[in-house]
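What follows is the content of run-v3.json, which has JSON, C-alpha atoms:
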```
[["chain", "number", "residue", "atom", "x", "y", "z"],
["A", 1, "MET", "CA", 0.00, 0.00, 0.00],
["A", 2, "SER", "CA", 2.97, 2.33, 0.55],
["A", 3, "GLY", "CA", 3.42, 3.08, -3.15],
["A", 4, "ARG", "CA", -0.17, 4.09, -3.80],
["A", 5, "THR", "CA", -1.19, 7.69, -4.47],
["A", 6, "GLY", "CA", -4.45, 9.52, -5.06],
["A", 7, "PRO", "CA", -6.88, 11.47, -2.88],
["A", 8, "PHE", "CA", -7.30, 8.71, -0.29],
["A", 9, "TRP", "CA", -3.72, 7.47, 0.04],
["A", 10, "ASP", "CA", -2.29, 10.99, -0.04],
["A", 11, "GLY", "CA", -4.40, 11.80, 3.01],
["A", 12, "VAL", "CA", -3.38, 8.61, 4.80],
["A", 13, "ALA", "CA", 0.30, 9.28, 4.10],
["A", 14, "GLY", "CA", 0.13, 12.92, 5.18],
["A", 15, "ARG", "CA", 0.82, 14.25, 1.66],
["A", 16, "ALA", "CA", -2.63, 15.89, 1.66],
["A", 17, "PRO", "CA", -4.67, 17.22, 4.58],
["A", 18, "VAL", "CA", -7.19, 14.89, 6.18],
["A", 19, "PRO", "CA", -10.61, 15.82, 4.73],
["A", 20, "ARG", "CA", -12.49, 18.19, 7.03],
["A", 21, "ALA", "CA", -15.45, 15.84, 7.42],
["A", 22, "ALA", "CA", -13.16, 12.95, 8.37],
["A", 23, "ALA", "CA", -11.39, 15.09, 10.97],
["A", 24, "THR", "CA", -14.76, 16.11, 12.43],
["A", 25, "LEU", "CA", -15.59, 12.42, 12.91],
["A", 26, "GLY", "CA", -12.20, 11.69, 14.50],
["A", 27, "PHE", "CA", -11.34, 9.42, 11.57],
["A", 28, "GLU", "CA", -8.14, 7.34, 11.74],
["A", 29, "PHE", "CA", -6.84, 4.97, 9.09],
["A", 30, "VAL", "CA", -5.86, 1.62, 10.63],
["A", 31, "ALA", "CA", -5.18, -0.85, 7.81],
["A", 32, "ALA", "CA", -6.31, -1.88, 4.33],
["A", 33, "ASP", "CA", -6.07, -4.93, 2.11],
["A", 34, "VAL", "CA", -6.45, -3.37, -1.32],
["A", 35, "ASP", "CA", -6.53, -6.69, -3.18],
["A", 36, "GLY", "CA", -9.17, -8.04, -0.80],
["A", 37, "GLY", "CA", -11.12, -4.77, -0.87],
["A", 38, "THR", "CA", -11.23, -4.49, 2.91],
["A", 39, "ILE", "CA", -10.37, -1.63, 5.23],
["A", 40, "GLU", "CA", -10.23, -0.97, 8.96],
["A", 41, "VAL", "CA", -10.65, 2.57, 10.27],
["A", 42, "ALA", "CA", -11.48, 4.15, 13.62],
["A", 43, "PHE", "CA", -13.47, 7.12, 14.87],
["A", 44, "THR", "CA", -13.73, 9.04, 18.09],
["A", 45, "ALA", "CA", -17.32, 9.76, 19.09],
["A", 46, "THR", "CA", -17.34, 12.80, 21.36],
["A", 47, "ASP", "CA", -20.07, 14.33, 23.50],
["A", 48, "ASP", "CA", -20.75, 16.64, 20.54],
["A", 49, "PHE", "CA", -22.42, 13.65, 18.84],
["A", 50, "THR", "CA", -24.81, 12.75, 21.68],
["A", 51, "ASN", "CA", -28.57, 12.77, 22.13],
["A", 52, "PRO", "CA", -30.32, 14.04, 25.29],
["A", 53, "VAL", "CA", -29.56, 10.83, 27.22],
["A", 54, "GLY", "CA", -25.86, 10.83, 26.31],
["A", 55, "ASN", "CA", -25.88, 8.13, 23.63],
["A", 56, "VAL", "CA", -24.23, 8.79, 20.28],
["A", 57, "LEU", "CA", -27.04, 9.94, 17.97],
["A", 58, "GLY", "CA", -27.65, 7.46, 15.15],
["A", 59, "ALA", "CA", -26.98, 10.35, 12.78],
["A", 60, "PHE", "CA", -23.30, 10.17, 13.71],
["A", 61, "VAL", "CA", -23.22, 6.38, 13.83],
["A", 62, "ALA", "CA", -24.48, 6.45, 10.23],
["A", 63, "ALA", "CA", -21.94, 9.16, 9.36],
["A", 64, "MET", "CA", -19.09, 6.97, 10.63],
["A", 65, "LEU", "CA", -20.31, 3.99, 8.62],
["A", 66, "TYR", "CA", -20.57, 6.22, 5.53],
["A", 67, "ASP", "CA", -16.95, 7.18, 6.14],
["A", 68, "THR", "CA", -16.07, 3.48, 6.32],
["A", 69, "VAL", "CA", -17.72, 2.23, 3.11],
["A", 70, "GLY", "CA", -16.35, 5.19, 1.14],
["A", 71, "PRO", "CA", -12.71, 4.61, 2.10],
["A", 72, "ALA", "CA", -13.09, 0.85, 1.46],
["A", 73, "LEU", "CA", -13.72, 1.68, -2.20],
["A", 74, "LEU", "CA", -11.44, 4.75, -2.39],
["A", 75, "ALA", "CA", -8.47, 2.68, -1.22],
["A", 76, "THR", "CA", -8.80, 0.47, -4.31],
["A", 77, "LEU", "CA", -9.04, 3.25, -6.92],
["A", 78, "GLU", "CA", -6.53, 4.77, -9.31],
["A", 79, "PRO", "CA", -5.04, 8.17, -8.43],
["A", 80, "ASP", "CA", -7.30, 9.98, -10.94],
["A", 81, "GLN", "CA", -10.50, 8.34, -9.67],
["A", 82, "PHE", "CA", -12.96, 9.21, -6.92],
["A", 83, "GLN", "CA", -16.28, 7.80, -5.76],
["A", 84, "SER", "CA", -19.85, 8.96, -5.50],
["A", 85, "THR", "CA", -22.20, 7.24, -3.05],
["A", 86, "LEU", "CA", -25.64, 6.73, -4.58],
["A", 87, "GLU", "CA", -27.48, 5.16, -1.65],
["A", 88, "PHE", "CA", -26.58, 4.11, 1.86],
["A", 89, "LYS", "CA", -28.48, 2.17, 4.52],
["A", 90, "THR", "CA", -27.72, 1.67, 8.20],
["A", 91, "SER", "CA", -29.18, -0.77, 10.75],
["A", 92, "PHE", "CA", -28.74, 0.27, 14.37],
["A", 93, "LEU", "CA", -28.13, -2.78, 16.55],
["A", 94, "ARG", "CA", -27.07, -1.48, 19.95],
["A", 95, "PRO", "CA", -26.82, 1.82, 21.85],
["A", 96, "VAL", "CA", -23.49, 3.60, 21.43],
["A", 97, "ARG", "CA", -21.68, 5.61, 24.11],
["A", 98, "PRO", "CA", -18.99, 8.18, 23.28],
["A", 99, "GLY", "CA", -15.52, 6.73, 22.76],
["A", 100, "ARG", "CA", -13.42, 5.06, 20.11],
["A", 101, "LEU", "CA", -15.26, 3.02, 17.52],
["A", 102, "THR", "CA", -13.82, 0.69, 14.90],
["A", 103, "GLY", "CA", -15.19, 0.54, 11.36],
["A", 104, "ARG", "CA", -14.59, -2.39, 9.06],
["A", 105, "GLY", "CA", -15.57, -1.90, 5.41],
["A", 106, "ARG", "CA", -15.54, -4.12, 2.36],
["A", 107, "VAL", "CA", -16.07, -3.90, -1.38],
["A", 108, "VAL", "CA", -18.54, -6.75, -1.76],
["A", 109, "HIS", "CA", -18.67, -6.65, -5.55],
["A", 110, "ARG", "CA", -17.71, -4.31, -8.33],
["A", 111, "VAL", "CA", -19.11, -4.44, -11.84],
["A", 112, "GLY", "CA", -17.79, -1.74, -14.15],
["A", 113, "ASP", "CA", -18.08, 1.61, -12.38],
["A", 114, "VAL", "CA", -20.67, 0.38, -9.86],
["A", 115, "ALA", "CA", -19.57, -0.97, -6.48],
["A", 116, "PHE", "CA", -21.56, -2.67, -3.74],
["A", 117, "LEU", "CA", -20.15, -1.95, -0.29],
["A", 118, "GLU", "CA", -20.75, -3.00, 3.29],
["A", 119, "ALA", "CA", -19.42, -2.05, 6.71],
["A", 120, "SER", "CA", -19.84, -2.64, 10.42],
["A", 121, "LEU", "CA", -19.02, -0.49, 13.42],
["A", 122, "ALA", "CA", -17.85, -1.95, 16.74],
["A", 123, "ASP", "CA", -17.45, -0.38, 20.16],
["A", 124, "GLY", "CA", -14.47, -0.62, 22.49],
["A", 125, "GLY", "CA", -15.71, -3.97, 23.77],
["A", 126, "GLY", "CA", -15.80, -5.42, 20.25],
["A", 127, "GLN", "CA", -19.58, -5.53, 20.03],
["A", 128, "THR", "CA", -21.09, -4.63, 16.67],
["A", 129, "VAL", "CA", -23.24, -1.53, 17.24],
["A", 130, "ALA", "CA", -24.39, -0.90, 13.65],
["A", 131, "THR", "CA", -24.05, -2.21, 10.10],
["A", 132, "ALA", "CA", -24.43, -0.57, 6.70],
["A", 133, "THR", "CA", -24.61, -1.26, 3.00],
["A", 134, "ALA", "CA", -24.08, 1.18, 0.15],
["A", 135, "THR", "CA", -24.06, 1.44, -3.61],
["A", 136, "ALA", "CA", -21.43, 3.72, -5.09],
["A", 137, "ARG", "CA", -20.16, 4.74, -8.49],
["A", 138, "VAL", "CA", -16.52, 5.15, -9.47],
["A", 139, "ILE", "CA", -16.04, 8.55, -11.12],
["A", 140, "ALA", "CA", -13.18, 10.63, -12.47],
["A", 141, "LEU", "CA", -11.54, 12.72, -9.77],
["A", 142, "ALA", "CA", -12.01, 15.71, -12.09],
["A", 143, "ASP", "CA", -15.80, 15.20, -11.85],
["A", 144, "ALA", "CA", -15.92, 14.96, -8.05],
["A", 145, "VAL", "CA", -17.12, 18.50, -7.41],
["A", 146, "THR", "CA", -20.25, 18.00, -9.53],
["A", 147, "ALA", "CA", -21.00, 14.51, -8.17],
["A", 148, "VAL", "CA", -22.97, 13.51, -5.10],
["B", 1, "MET", "CA", -47.94, 23.10, 19.62],
["B", 2, "SER", "CA", -47.21, 25.64, 22.35],
["B", 3, "GLY", "CA", -48.69, 23.50, 25.10],
["B", 4, "ARG", "CA", -46.68, 20.39, 24.37],
["B", 5, "THR", "CA", -43.92, 19.15, 26.64],
["B", 6, "GLY", "CA", -41.40, 16.29, 26.55],
["B", 7, "PRO", "CA", -37.81, 15.90, 25.40],
["B", 8, "PHE", "CA", -38.39, 17.32, 21.93],
["B", 9, "TRP", "CA", -40.71, 20.24, 22.70],
["B", 10, "ASP", "CA", -38.74, 21.23, 25.81],
["B", 11, "GLY", "CA", -35.70, 21.66, 23.58],
["B", 12, "VAL", "CA", -37.63, 23.64, 20.99],
["B", 13, "ALA", "CA", -39.08, 25.93, 23.67],
["B", 14, "GLY", "CA", -35.73, 26.46, 25.38],
["B", 15, "ARG", "CA", -36.79, 24.64, 28.59],
["B", 16, "ALA", "CA", -34.07, 22.06, 27.94],
["B", 17, "PRO", "CA", -30.72, 22.42, 26.18],
["B", 18, "VAL", "CA", -30.57, 21.63, 22.48],
["B", 19, "PRO", "CA", -29.10, 18.11, 22.19],
["B", 20, "ARG", "CA", -25.36, 18.21, 21.54],
["B", 21, "ALA", "CA", -25.63, 16.27, 18.28],
["B", 22, "ALA", "CA", -28.32, 18.63, 16.98],
["B", 23, "ALA", "CA", -26.18, 21.67, 17.85],
["B", 24, "THR", "CA", -23.22, 20.12, 16.02],
["B", 25, "LEU", "CA", -25.37, 19.85, 12.89],
["B", 26, "GLY", "CA", -26.60, 23.44, 13.22],
["B", 27, "PHE", "CA", -30.15, 22.17, 13.78],
["B", 28, "GLU", "CA", -33.00, 24.69, 13.90],
["B", 29, "PHE", "CA", -36.68, 23.94, 14.45],
["B", 30, "VAL", "CA", -38.82, 25.72, 11.85],
["B", 31, "ALA", "CA", -42.38, 24.38, 12.11],
["B", 32, "ALA", "CA", -44.39, 21.24, 12.81],
["B", 33, "ASP", "CA", -47.90, 19.98, 12.14],
["B", 34, "VAL", "CA", -48.31, 17.41, 14.90],
["B", 35, "ASP", "CA", -51.68, 16.14, 13.68],
["B", 36, "GLY", "CA", -50.35, 15.75, 10.14],
["B", 37, "GLY", "CA", -47.10, 14.23, 11.38],
["B", 38, "THR", "CA", -44.94, 16.65, 9.41],
["B", 39, "ILE", "CA", -42.01, 18.81, 10.45],
["B", 40, "GLU", "CA", -39.70, 21.38, 8.89],
["B", 41, "VAL", "CA", -36.22, 21.90, 10.29],
["B", 42, "ALA", "CA", -33.01, 23.48, 9.06],
["B", 43, "PHE", "CA", -29.28, 22.79, 9.35],
["B", 44, "THR", "CA", -26.11, 24.70, 8.70],
["B", 45, "ALA", "CA", -23.52, 22.67, 6.81],
["B", 46, "THR", "CA", -20.09, 24.13, 7.55],
["B", 47, "ASP", "CA", -16.68, 23.50, 6.02],
["B", 48, "ASP", "CA", -16.15, 21.00, 8.85],
["B", 49, "PHE", "CA", -18.52, 18.67, 6.98],
["B", 50, "THR", "CA", -16.74, 18.76, 3.62],
["B", 51, "ASN", "CA", -14.85, 16.24, 1.49],
["B", 52, "PRO", "CA", -11.56, 17.01, -0.31],
["B", 53, "VAL", "CA", -13.34, 18.89, -3.12],
["B", 54, "GLY", "CA", -15.38, 21.06, -0.77],
["B", 55, "ASN", "CA", -18.73, 19.30, -1.07],
["B", 56, "VAL", "CA", -20.65, 18.30, 2.05],
["B", 57, "LEU", "CA", -19.73, 14.65, 2.69],
["B", 58, "GLY", "CA", -22.74, 12.36, 2.31],
["B", 59, "ALA", "CA", -22.06, 11.25, 5.88],
["B", 60, "PHE", "CA", -23.31, 14.63, 7.08],
["B", 61, "VAL", "CA", -26.13, 14.79, 4.53],
["B", 62, "ALA", "CA", -27.33, 11.48, 5.96],
["B", 63, "ALA", "CA", -26.84, 12.77, 9.50],
["B", 64, "MET", "CA", -29.09, 15.78, 8.77],
["B", 65, "LEU", "CA", -31.78, 13.55, 7.30],
["B", 66, "TYR", "CA", -31.55, 11.29, 10.36],
["B", 67, "ASP", "CA", -32.10, 14.39, 12.49],
["B", 68, "THR", "CA", -35.18, 15.20, 10.37],
["B", 69, "VAL", "CA", -36.98, 11.85, 10.49],
["B", 70, "GLY", "CA", -36.35, 11.54, 14.24],
["B", 71, "PRO", "CA", -37.89, 14.90, 15.15],
["B", 72, "ALA", "CA", -40.86, 14.23, 12.82],
["B", 73, "LEU", "CA", -41.80, 11.33, 15.09],
["B", 74, "LEU", "CA", -40.60, 12.86, 18.37],
["B", 75, "ALA", "CA", -42.85, 15.90, 17.84],
["B", 76, "THR", "CA", -45.91, 13.62, 17.91],
["B", 77, "LEU", "CA", -45.03, 11.68, 21.09],
["B", 78, "GLU", "CA", -46.19, 11.96, 24.68],
["B", 79, "PRO", "CA", -43.85, 13.62, 27.21],
["B", 80, "ASP", "CA", -42.77, 10.24, 28.66],
["B", 81, "GLN", "CA", -41.97, 8.72, 25.27],
["B", 82, "PHE", "CA", -38.88, 8.69, 23.09],
["B", 83, "GLN", "CA", -37.90, 7.00, 19.84],
["B", 84, "SER", "CA", -35.35, 4.48, 18.68],
["B", 85, "THR", "CA", -34.38, 4.36, 14.99],
["B", 86, "LEU", "CA", -34.02, 0.78, 13.78],
["B", 87, "GLU", "CA", -32.93, 1.36, 10.19],
["B", 88, "PHE", "CA", -32.37, 4.35, 7.99],
["B", 89, "LYS", "CA", -31.65, 4.73, 4.28],
["B", 90, "THR", "CA", -30.51, 7.74, 2.28],
["B", 91, "SER", "CA", -30.42, 8.36, -1.48],
["B", 92, "PHE", "CA", -28.01, 11.09, -2.58],
["B", 93, "LEU", "CA", -29.47, 13.02, -5.52],
["B", 94, "ARG", "CA", -27.24, 16.05, -6.01],
["B", 95, "PRO", "CA", -23.94, 17.46, -4.74],
["B", 96, "VAL", "CA", -24.27, 19.67, -1.67],
["B", 97, "ARG", "CA", -22.21, 22.78, -0.93],
["B", 98, "PRO", "CA", -21.87, 24.23, 2.60],
["B", 99, "GLY", "CA", -24.73, 26.47, 3.65],
["B", 100, "ARG", "CA", -28.22, 26.33, 5.09],
["B", 101, "LEU", "CA", -30.24, 23.23, 4.24],
["B", 102, "THR", "CA", -33.93, 22.60, 4.88],
["B", 103, "GLY", "CA", -35.22, 19.24, 6.07],
["B", 104, "ARG", "CA", -38.83, 18.19, 5.70],
["B", 105, "GLY", "CA", -39.87, 15.04, 7.56],
["B", 106, "ARG", "CA", -43.07, 13.04, 7.79],
["B", 107, "VAL", "CA", -44.54, 10.17, 9.75],
["B", 108, "VAL", "CA", -45.79, 8.09, 6.82],
["B", 109, "HIS", "CA", -47.56, 5.47, 8.93],
["B", 110, "ARG", "CA", -47.63, 4.33, 12.51],
["B", 111, "VAL", "CA", -48.87, 0.96, 13.68],
["B", 112, "GLY", "CA", -48.58, 0.39, 17.43],
["B", 113, "ASP", "CA", -45.07, 1.31, 18.50],
["B", 114, "VAL", "CA", -43.59, 1.06, 14.99],
["B", 115, "ALA", "CA", -43.40, 4.14, 12.78],
["B", 116, "PHE", "CA", -42.42, 4.49, 9.12],
["B", 117, "LEU", "CA", -40.77, 7.82, 8.41],
["B", 118, "GLU", "CA", -39.47, 9.76, 5.41],
["B", 119, "ALA", "CA", -37.65, 13.02, 4.80],
["B", 120, "SER", "CA", -36.05, 15.15, 2.15],
["B", 121, "LEU", "CA", -33.29, 17.74, 2.32],
["B", 122, "ALA", "CA", -33.22, 20.84, 0.09],
["B", 123, "ASP", "CA", -30.50, 23.38, -0.59],
["B", 124, "GLY", "CA", -30.82, 27.16, -0.54],
["B", 125, "GLY", "CA", -32.14, 27.11, -4.11],
["B", 126, "GLY", "CA", -34.95, 24.74, -3.14],
["B", 127, "GLN", "CA", -33.51, 21.76, -4.99],
["B", 128, "THR", "CA", -33.85, 18.38, -3.28],
["B", 129, "VAL", "CA", -30.32, 17.13, -2.61],
["B", 130, "ALA", "CA", -31.15, 13.88, -0.78],
["B", 131, "THR", "CA", -34.04, 11.79, 0.49],
["B", 132, "ALA", "CA", -34.36, 9.25, 3.29],
["B", 133, "THR", "CA", -36.66, 6.65, 4.79],
["B", 134, "ALA", "CA", -36.49, 5.14, 8.26],
["B", 135, "THR", "CA", -38.20, 2.65, 10.53],
["B", 136, "ALA", "CA", -38.39, 3.61, 14.19],
["B", 137, "ARG", "CA", -39.87, 2.29, 17.40],
["B", 138, "VAL", "CA", -41.64, 4.35, 20.03],
["B", 139, "ILE", "CA", -40.13, 3.59, 23.44],
["B", 140, "ALA", "CA", -40.50, 4.82, 27.01],
["B", 141, "LEU", "CA", -38.29, 7.81, 27.72],
["B", 142, "ALA", "CA", -37.03, 5.90, 30.75],
["B", 143, "ASP", "CA", -35.64, 3.23, 28.39],
["B", 144, "ALA", "CA", -33.85, 5.67, 26.06],
["B", 145, "VAL", "CA", -30.36, 5.16, 27.45],
["B", 146, "THR", "CA", -30.43, 1.42, 26.72],
["B", 147, "ALA", "CA", -32.04, 1.79, 23.27],
["B", 148, "VAL", "CA", -30.39, 2.36, 19.90]]
```
Would you write out, as structure tokens, the structure that this file holds?
Amino acid sequence: MSGRTGPFWDGVAGRAPVPRAAATLGFEFVAADVDGGTIEVAFTATDDFTNPVGNVLGAFVAAMLYDTVGPALLATLEPDQFQSTLEFKTSFLRPVRPGRLTGRGRVVHRVGDVAFLEASLADGGGQTVATATATARVIALADAVTAV
Amino acid sequence: MSGRTGPFWDGVAGRAPVPRAAATLGFEFVAADVDGGTIEVAFTATDDFTNPVGNVLGAFVAAMLYDTVGPALLATLEPDQFQSTLEFKTSFLRPVRPGRLTGRGRVVHRVGDVAFLEASLADGGGQTVATATATARVIALADAVTAV
């Protein structure tokens, strides 16, 4: 993975700033298997993400899973490619307290420029707190600003 | 609506603090029709929510829609009730730039303690940028800390 470049790997390697949204979510890159299409990342859920009873609002749980499926695909792309997420679904399995959460994402299948993705999010005790699936499209990096 | 109390309406009326997660998303209550099960809210997407090309990351678009469907149901509940979102899906229709976004949510159908919800998010020009559906469960407020 060390020789790879492009918007994702440049951020991981410190050659480009971490995207603002990723920083807001406390995103950390942990590891990736590009050939296998899998990635492990982590997030830090702060009190800024909590609902009135102190649990992490599902909004932010979903946001972290979105920022797991995206990198799973991004890590496999060429330097001049980017991705556009078309649809994204989350199932919320358990309550989530603030702290460090681990996201594991996977490219389930890719056919042409369409990719089917999945991810799960686990708490500090290793329990799966939420899962997600997504459908994304591989696009030219030059088209990223006009894509969803 | 002025006579209603409970976790949602207390926040709207300033009797309780705005939830931390809602504040992070720049949430504002605009209007609700409790009998019709509809709500209008707004969010402020800042640069902290952006991807490398300056668009609002879908993670935060989804988060805003989550915080639209939830309030649509919460606004209709009794003071001792709360809600737990079981699953949530977003479709991303158009790129989103930072700025004020308007969320419109609706309780599509409720049967017992299960509610089917939907929402859309529009940009400053009135264009729909994303839509969402969700399935939620009405729970006792006392059970909120152990619910998803």
| Non-local contacts of stretch 120-126 of chain A (10 Å; only C-alpha atoms; under 4 positions in same chain excluded) as number ranges by chain | A: 40-43, 61-62, 64-65, 68-69, 90-106, 130-133
| message | Within 8 Å of chain B, which residues belong to chain A? Use all atoms listed in the file and report them as a ChimeraX atom specification. | response | /A:7,19-24,47-60,62-67,85-96,144-148
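Reported to one decimal place, the separation of atom CA of B:Gln81 from atom CA of B:Val30 is 21.9 Å.
With only C-alpha atoms as the atoms that count, the minimum distance from A:Val107 to the choices A:Pro71, A:Gly26, A:Gly37, A:Gly6 is reached by A:Gly37.
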| What does the distance between atom CA of A:Gly3 and atom CA of A:Thr38 come to in Å, to one decimal place? | 17.6 Å
| request: May I ask for the distance between atom CA of B:Gln83 and atom CA of B:Val138, given in Å to one decimal place? | output: 4.6 Å
